[in-house]
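K.L.:
Here you go, one structure.
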Amino acid sequence: MLKQFCVTPSMGKRLIGKAMALHPDIKKVLKRGTLVIIAGTTNGYAAEEILKSLGQAEGFTREGFRRGMVVAPGAEAIEADYPGDVVIRNGEWQQGKTIFDVADDLETGDVVLKGANAFDARGQAAVHVAHPKGGTILAAISAMIGRRVQLLVPVGLEKRVLEDIHVLARRLNAPDAEGVRLLPIPGRIFTELDAIKLMTGAEACLVAAGGVYGAEGASRLGISGSEEQVQTATELIEAIADEPPCRV
């Protein structure tokens, strides 16, 4: 059985956020260890859902939960204070802290969530870098490589690119290039396809993309599985169909 659905980028962010709260590695580290959710638009949904699962959502807002954004030409982001990253240690949210406050203390088994700006067909992800010293991603990679901290990369399907991430990075990082740089990262990506599989058991694939009247950048998903799995996926997607555009 196969059924098709149109999933907008904001719906995709909500799907990924809900799945992050159910991810086995995250559920494990919430019991014992440290979870760091680095500020970003998709990660804002993950933080919201994870904190809700802990009964600690009060005081959290996605507004301002970002360090940089890509917006449409001429668009202006809302004014909002940056609240810090979300750091949860042994199930308790340590408000106001950032990755830089805890990076040196992260240990094997801890988990960092970091969004991405691009990923390719091989599952390789990369982030834009505008900071002259590399920004948050270098703190995360240091912990990952140095102490086997796990790096998960929640990323929407609208961020997919055609060419190899490392080829693109060489182009964007060349001395004569302008704009932000691009850094390939060694984390494990987690898209809407993974979210549907985790929450329903159904298989999902990207069959088309785009549209108008709010479907710009949307993904058309083909979801297959048993009748029960597809019905569960249908109910899940219908429940988030009214997710408003992301404005943070």
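Ordered as shown in the structure tokens, chains take letters A, B, and onward, while each chain numbers its residues from 1 and ligands are numbered from 1 in the order shown.
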Find the spatial neighbours of A:Glu192, counting only C-alpha atoms, within a cut-off of 7 Å - ignore same-chain residues fewer than 5 positions away - and output them as a ChimeraX atom specification.
P.N.:
/A:12,15-16,156-157
K.L.:
Do a neighbour search on A:Lys3 at 10 Å with only C-alpha atoms, toss out local chain neighbours closer than 2 positions, and write the hits as an mmCIF file with N, CA and C atoms, in the first residue's frame.
P.N.:
data_model
loop_
_atom_site.group_PDB
_atom_site.id
_atom_site.type_symbol
_atom_site.label_atom_id
_atom_site.label_comp_id
_atom_site.auth_asym_id
_atom_site.auth_seq_id
_atom_site.Cartn_x
_atom_site.Cartn_y
_atom_site.Cartn_z
ATOM 1 N N MET A 1 0.845 -1.185 0.000
ATOM 2 C CA MET A 1 0.000 0.000 0.000
ATOM 3 C C MET A 1 0.887 1.244 0.000
ATOM 4 N N PHE A 5 1.743 12.284 0.101
ATOM 5 C CA PHE A 5 1.433 13.419 0.954
ATOM 6 C C PHE A 5 2.318 14.608 0.569
ATOM 7 N N ALA A 204 9.235 5.761 3.759
ATOM 8 C CA ALA A 204 8.901 6.993 3.056
ATOM 9 C C ALA A 204 9.996 7.327 2.064
ATOM 10 N N LEU A 221 5.882 13.184 -0.519
ATOM 11 C CA LEU A 221 6.380 11.919 -0.010
ATOM 12 C C LEU A 221 5.476 10.772 -0.425
ATOM 13 N N GLY A 222 6.098 9.667 -0.809
ATOM 14 C CA GLY A 222 5.374 8.424 -1.022
ATOM 15 C C GLY A 222 5.609 7.539 0.186
ATOM 16 N N ILE A 223 4.545 7.197 0.875
ATOM 17 C CA ILE A 223 4.667 6.414 2.115
ATOM 18 C C ILE A 223 4.025 5.054 1.900
ATOM 19 N N SER A 224 4.793 4.004 2.153
ATOM 20 C CA SER A 224 4.312 2.649 1.917
ATOM 21 C C SER A 224 4.521 1.786 3.146
ATOM 22 N N GLY A 225 3.713 0.744 3.224
ATOM 23 C CA GLY A 225 3.806 -0.181 4.345
ATOM 24 C C GLY A 225 2.500 -0.930 4.496
ATOM 25 N N VAL A 230 0.455 2.767 7.215
ATOM 26 C CA VAL A 230 0.099 3.915 6.375
ATOM 27 C C VAL A 230 -0.998 4.740 7.025
ATOM 28 N N GLN A 231 -1.927 4.093 7.701
ATOM 29 C CA GLN A 231 -2.981 4.826 8.404
ATOM 30 C C GLN A 231 -2.398 5.655 9.544
ATOM 31 N N ALA A 233 0.654 6.836 9.657
ATOM 32 C CA ALA A 233 1.360 7.942 9.017
ATOM 33 C C ALA A 233 0.383 9.010 8.540
ATOM 34 N N THR A 234 -0.759 8.581 8.010
ATOM 35 C CA THR A 234 -1.786 9.523 7.564
ATOM 36 C C THR A 234 -2.263 10.383 8.724
#
K.L.:
DSSP on the backbone: what in stretch 2-237 of chain A comes out helix (DSSP H, G or I), as a short mmCIF file (atom, residue, chain, number, x, y, z; two decimals) with N, CA and C atoms, in the first residue's frame?
P.N.:
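And here is the file that came out, states_4.cif:
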data_model
loop_
_atom_site.label_atom_id
_atom_site.label_comp_id
_atom_site.auth_asym_id
_atom_site.auth_seq_id
_atom_site.Cartn_x
_atom_site.Cartn_y
_atom_site.Cartn_z
N PRO A 9 7.92 22.66 4.45
CA PRO A 9 9.10 22.70 5.31
C PRO A 9 8.77 22.83 6.79
N SER A 10 7.77 23.63 7.14
CA SER A 10 7.43 23.77 8.57
C SER A 10 6.80 22.50 9.11
N MET A 11 5.99 21.81 8.30
CA MET A 11 5.47 20.52 8.72
C MET A 11 6.61 19.53 8.92
N GLY A 12 7.60 19.60 8.01
CA GLY A 12 8.75 18.71 8.13
C GLY A 12 9.53 18.96 9.40
N LYS A 13 9.69 20.23 9.76
CA LYS A 13 10.40 20.56 11.00
C LYS A 13 9.66 19.98 12.21
N ARG A 14 8.32 20.08 12.17
CA ARG A 14 7.53 19.53 13.29
C ARG A 14 7.64 18.00 13.34
N LEU A 15 7.60 17.35 12.18
CA LEU A 15 7.77 15.89 12.12
C LEU A 15 9.10 15.48 12.74
N ILE A 16 10.16 16.16 12.32
CA ILE A 16 11.49 15.83 12.82
C ILE A 16 11.56 16.08 14.33
N GLY A 17 10.97 17.19 14.78
CA GLY A 17 10.97 17.50 16.21
C GLY A 17 10.28 16.42 17.03
N LYS A 18 9.12 15.99 16.56
CA LYS A 18 8.38 14.94 17.27
C LYS A 18 9.18 13.64 17.32
N ALA A 19 9.83 13.30 16.21
CA ALA A 19 10.61 12.07 16.17
C ALA A 19 11.84 12.15 17.06
N MET A 20 12.46 13.32 17.15
CA MET A 20 13.63 13.47 18.02
C MET A 20 13.28 13.13 19.47
N PRO A 24 15.64 6.69 20.15
CA PRO A 24 16.17 5.88 21.26
C PRO A 24 17.46 6.44 21.87
N ASP A 25 18.34 7.00 21.07
CA ASP A 25 19.59 7.55 21.61
C ASP A 25 19.32 8.78 22.47
N ILE A 26 18.32 9.55 22.10
CA ILE A 26 17.98 10.73 22.89
C ILE A 26 17.26 10.33 24.18
N LYS A 27 16.34 9.39 24.09
CA LYS A 27 15.65 8.92 25.29
C LYS A 27 16.65 8.35 26.30
N LYS A 28 17.67 7.68 25.78
CA LYS A 28 18.70 7.10 26.66
C LYS A 28 19.51 8.19 27.36
N VAL A 29 19.95 9.20 26.60
CA VAL A 29 20.80 10.22 27.19
C VAL A 29 20.01 11.14 28.12
N LEU A 30 18.69 11.22 27.93
CA LEU A 30 17.88 12.03 28.84
C LEU A 30 17.82 11.40 30.24
N LYS A 31 18.00 10.09 30.30
CA LYS A 31 18.01 9.42 31.60
C LYS A 31 19.35 9.59 32.30
N THR A 41 16.71 26.66 13.48
CA THR A 41 15.26 26.66 13.28
C THR A 41 14.65 25.26 13.41
N THR A 42 15.24 24.26 12.76
CA THR A 42 14.72 22.90 12.90
C THR A 42 14.93 22.39 14.32
N ASN A 43 16.09 22.68 14.90
CA ASN A 43 16.36 22.24 16.26
C ASN A 43 15.42 22.88 17.28
N GLY A 44 14.85 24.04 16.93
CA GLY A 44 13.87 24.65 17.82
C GLY A 44 12.66 23.77 18.02
N TYR A 45 12.23 23.11 16.95
CA TYR A 45 11.10 22.18 17.06
C TYR A 45 11.50 20.96 17.89
N ALA A 46 12.74 20.48 17.69
CA ALA A 46 13.22 19.35 18.47
C ALA A 46 13.28 19.71 19.95
N ALA A 47 13.81 20.89 20.26
CA ALA A 47 13.90 21.32 21.65
C ALA A 47 12.51 21.43 22.27
N GLU A 48 11.58 21.99 21.51
CA GLU A 48 10.21 22.15 21.99
C GLU A 48 9.59 20.81 22.35
N GLU A 49 9.72 19.83 21.45
CA GLU A 49 9.11 18.52 21.66
C GLU A 49 9.82 17.74 22.76
N ILE A 50 11.15 17.83 22.83
CA ILE A 50 11.89 17.11 23.87
C ILE A 50 11.60 17.68 25.24
N LEU A 51 11.59 19.01 25.36
CA LEU A 51 11.28 19.62 26.65
C LEU A 51 9.85 19.33 27.06
N LYS A 52 8.94 19.28 26.10
CA LYS A 52 7.55 18.94 26.39
C LYS A 52 7.46 17.52 26.95
N SER A 53 8.26 16.60 26.37
CA SER A 53 8.24 15.22 26.84
C SER A 53 8.75 15.09 28.27
N ILE A 99 26.55 25.55 23.97
CA ILE A 99 27.50 24.49 23.66
C ILE A 99 28.90 24.84 24.16
N PHE A 100 29.25 26.11 24.14
CA PHE A 100 30.58 26.51 24.57
C PHE A 100 30.77 26.35 26.07
N ASP A 101 29.68 26.42 26.83
CA ASP A 101 29.77 26.24 28.29
C ASP A 101 30.03 24.80 28.68
N VAL A 102 29.59 23.85 27.86
CA VAL A 102 29.63 22.45 28.26
C VAL A 102 30.46 21.56 27.35
N ALA A 103 30.96 22.09 26.24
CA ALA A 103 31.66 21.24 25.26
C ALA A 103 32.81 20.46 25.86
N ASP A 104 33.59 21.09 26.71
CA ASP A 104 34.76 20.43 27.29
C ASP A 104 34.39 19.35 28.28
N ASP A 105 33.14 19.35 28.77
CA ASP A 105 32.71 18.37 29.76
C ASP A 105 31.92 17.21 29.15
N THR A 136 29.81 27.31 16.35
CA THR A 136 29.38 26.21 17.22
C THR A 136 29.78 24.84 16.70
N ILE A 137 29.86 24.69 15.38
CA ILE A 137 30.11 23.36 14.85
C ILE A 137 31.49 22.84 15.25
N LEU A 138 32.46 23.72 15.39
CA LEU A 138 33.79 23.25 15.77
C LEU A 138 33.81 22.74 17.21
N ALA A 139 33.03 23.37 18.08
CA ALA A 139 32.92 22.87 19.45
C ALA A 139 32.29 21.48 19.46
N ALA A 140 31.28 21.28 18.63
CA ALA A 140 30.60 19.99 18.57
C ALA A 140 31.52 18.92 17.99
N ILE A 141 32.22 19.24 16.92
CA ILE A 141 33.11 18.26 16.29
C ILE A 141 34.26 17.90 17.21
N SER A 142 34.77 18.87 17.96
CA SER A 142 35.85 18.58 18.89
C SER A 142 35.43 17.51 19.90
N ALA A 143 34.21 17.66 20.42
CA ALA A 143 33.71 16.67 21.38
C ALA A 143 33.44 15.33 20.71
N MET A 144 32.94 15.37 19.49
CA MET A 144 32.62 14.14 18.78
C MET A 144 33.87 13.33 18.46
N ILE A 145 34.88 13.98 17.89
CA ILE A 145 36.09 13.29 17.50
C ILE A 145 36.97 12.96 18.71
N GLY A 146 37.04 13.90 19.64
CA GLY A 146 37.93 13.71 20.78
C GLY A 146 37.41 12.75 21.83
N ARG A 147 36.05 12.69 21.99
CA ARG A 147 35.50 11.88 23.09
C ARG A 147 34.32 11.01 22.68
N LEU A 157 14.21 17.96 4.12
CA LEU A 157 14.49 17.51 2.76
C LEU A 157 14.70 18.67 1.79
N GLU A 158 14.23 19.85 2.14
CA GLU A 158 14.45 21.00 1.26
C GLU A 158 15.91 21.41 1.20
N LYS A 159 16.75 20.85 2.10
CA LYS A 159 18.17 21.18 2.12
C LYS A 159 19.02 20.24 1.23
N ILE A 165 28.92 16.88 -1.26
CA ILE A 165 29.14 17.94 -0.28
C ILE A 165 30.58 18.43 -0.29
N HIS A 166 31.52 17.52 -0.42
CA HIS A 166 32.93 17.90 -0.36
C HIS A 166 33.35 18.70 -1.59
N VAL A 167 32.75 18.40 -2.73
CA VAL A 167 33.01 19.18 -3.95
C VAL A 167 32.49 20.60 -3.77
N LEU A 168 31.28 20.72 -3.24
CA LEU A 168 30.69 22.04 -3.01
C LEU A 168 31.52 22.83 -2.00
N ALA A 169 32.00 22.14 -0.96
CA ALA A 169 32.80 22.83 0.06
C ALA A 169 34.07 23.40 -0.53
N ARG A 170 34.72 22.65 -1.40
CA ARG A 170 35.94 23.15 -2.03
C ARG A 170 35.64 24.42 -2.84
N ARG A 171 34.51 24.46 -3.49
CA ARG A 171 34.16 25.63 -4.29
C ARG A 171 33.87 26.84 -3.40
N LEU A 172 33.05 26.64 -2.37
CA LEU A 172 32.65 27.76 -1.53
C LEU A 172 33.77 28.25 -0.63
N GLU A 192 12.81 13.97 7.39
CA GLU A 192 11.41 13.59 7.52
C GLU A 192 11.21 12.10 7.22
N LEU A 193 12.01 11.56 6.32
CA LEU A 193 11.89 10.14 5.97
C LEU A 193 12.22 9.27 7.17
N ASP A 194 13.26 9.64 7.91
CA ASP A 194 13.64 8.91 9.12
C ASP A 194 12.58 9.09 10.20
N ALA A 195 12.01 10.29 10.27
CA ALA A 195 11.00 10.56 11.28
C ALA A 195 9.77 9.68 11.08
N ILE A 196 9.33 9.56 9.84
CA ILE A 196 8.15 8.73 9.55
C ILE A 196 8.44 7.27 9.86
N LYS A 197 9.62 6.81 9.49
CA LYS A 197 9.99 5.42 9.78
C LYS A 197 10.00 5.16 11.28
N LEU A 198 10.58 6.07 12.04
CA LEU A 198 10.69 5.89 13.48
C LEU A 198 9.32 5.89 14.16
N MET A 199 8.44 6.78 13.73
CA MET A 199 7.16 6.96 14.43
C MET A 199 6.05 6.03 13.95
N THR A 200 6.16 5.50 12.72
CA THR A 200 5.07 4.69 12.20
C THR A 200 5.49 3.32 11.71
N GLU A 227 -1.31 -1.63 5.93
CA GLU A 227 -2.46 -0.71 6.03
C GLU A 227 -2.43 0.06 7.35
N GLU A 228 -2.05 -0.63 8.40
CA GLU A 228 -1.98 0.02 9.73
C GLU A 228 -0.89 1.08 9.76
N GLN A 229 0.28 0.77 9.20
CA GLN A 229 1.38 1.72 9.19
C GLN A 229 1.04 2.97 8.38
N VAL A 230 0.46 2.77 7.22
CA VAL A 230 0.10 3.91 6.37
C VAL A 230 -1.00 4.74 7.02
N GLN A 231 -1.93 4.09 7.70
CA GLN A 231 -2.98 4.83 8.40
C GLN A 231 -2.40 5.65 9.54
N THR A 232 -1.43 5.08 10.26
CA THR A 232 -0.77 5.82 11.35
C THR A 232 -0.03 7.03 10.79
N ALA A 233 0.65 6.84 9.66
CA ALA A 233 1.36 7.94 9.02
C ALA A 233 0.38 9.01 8.54
N THR A 234 -0.76 8.58 8.01
CA THR A 234 -1.79 9.52 7.56
C THR A 234 -2.26 10.38 8.72
N GLU A 235 -2.54 9.76 9.84
CA GLU A 235 -3.02 10.49 11.01
C GLU A 235 -1.95 11.44 11.54
N LEU A 236 -0.71 11.00 11.49
CA LEU A 236 0.40 11.84 11.95
C LEU A 236 0.53 13.09 11.09
N ILE A 237 0.50 12.92 9.78
CA ILE A 237 0.67 14.06 8.87
C ILE A 237 -0.54 14.97 8.90
#
K.L.:
Excluding same-chain residues fewer than 4 positions from stretch 68-81 of chain A, what lies within 10 Å of it counting only C-alpha atoms, as a PyMOL selection string?
P.N.:
chain A and resi 39-41+62-64+117+128-130+247-248
K.L.:
Dump N, CA and C atoms for the selected residues as a PDB file, in the first residue's frame?
P.N.:
ATOM      1  N   ALA A  39      21.212  25.859  18.913  1.00  0.00           N
ATOM      2  CA  ALA A  39      20.159  26.703  18.374  1.00  0.00           C
ATOM      3  C   ALA A  39      20.120  26.676  16.856  1.00  0.00           C
ATOM      4  N   GLY A  40      18.926  26.563  16.316  1.00  0.00           N
ATOM      5  CA  GLY A  40      18.685  26.539  14.879  1.00  0.00           C
ATOM      6  C   GLY A  40      17.196  26.369  14.657  1.00  0.00           C
ATOM      7  N   THR A  41      16.707  26.665  13.476  1.00  0.00           N
ATOM      8  CA  THR A  41      15.256  26.659  13.284  1.00  0.00           C
ATOM      9  C   THR A  41      14.649  25.261  13.409  1.00  0.00           C
ATOM     10  N   ARG A  62      10.683  29.208  20.631  1.00  0.00           N
ATOM     11  CA  ARG A  62      11.503  29.082  19.433  1.00  0.00           C
ATOM     12  C   ARG A  62      11.930  30.441  18.893  1.00  0.00           C
ATOM     13  N   GLU A  63      11.277  31.500  19.320  1.00  0.00           N
ATOM     14  CA  GLU A  63      11.655  32.832  18.867  1.00  0.00           C
ATOM     15  C   GLU A  63      13.062  33.172  19.367  1.00  0.00           C
ATOM     16  N   GLY A  64      13.944  33.472  18.446  1.00  0.00           N
ATOM     17  CA  GLY A  64      15.324  33.804  18.796  1.00  0.00           C
ATOM     18  C   GLY A  64      16.229  32.604  18.936  1.00  0.00           C
ATOM     19  N   ASN A 117      22.762  22.955   6.628  1.00  0.00           N
ATOM     20  CA  ASN A 117      22.285  23.785   5.525  1.00  0.00           C
ATOM     21  C   ASN A 117      22.231  23.025   4.209  1.00  0.00           C
ATOM     22  N   HIS A 128      26.686  26.027   6.874  1.00  0.00           N
ATOM     23  CA  HIS A 128      27.263  27.315   6.528  1.00  0.00           C
ATOM     24  C   HIS A 128      28.119  27.800   7.693  1.00  0.00           C
ATOM     25  N   VAL A 129      29.227  28.423   7.387  1.00  0.00           N
ATOM     26  CA  VAL A 129      30.081  29.008   8.412  1.00  0.00           C
ATOM     27  C   VAL A 129      30.320  30.471   8.057  1.00  0.00           C
ATOM     28  N   ALA A 130      29.900  31.355   8.944  1.00  0.00           N
ATOM     29  CA  ALA A 130      30.138  32.783   8.765  1.00  0.00           C
ATOM     30  C   ALA A 130      31.099  33.320   9.814  1.00  0.00           C
ATOM     31  N   ARG A 247       8.545  31.245  11.684  1.00  0.00           N
ATOM     32  CA  ARG A 247       8.873  32.646  11.849  1.00  0.00           C
ATOM     33  C   ARG A 247       9.536  32.791  13.207  1.00  0.00           C
ATOM     34  N   VAL A 248      10.854  32.749  13.241  1.00  0.00           N
ATOM     35  CA  VAL A 248      11.566  32.829  14.519  1.00  0.00           C
ATOM     36  C   VAL A 248      12.602  33.926  14.502  1.00  0.00           C
TER      37      VAL A 248
END
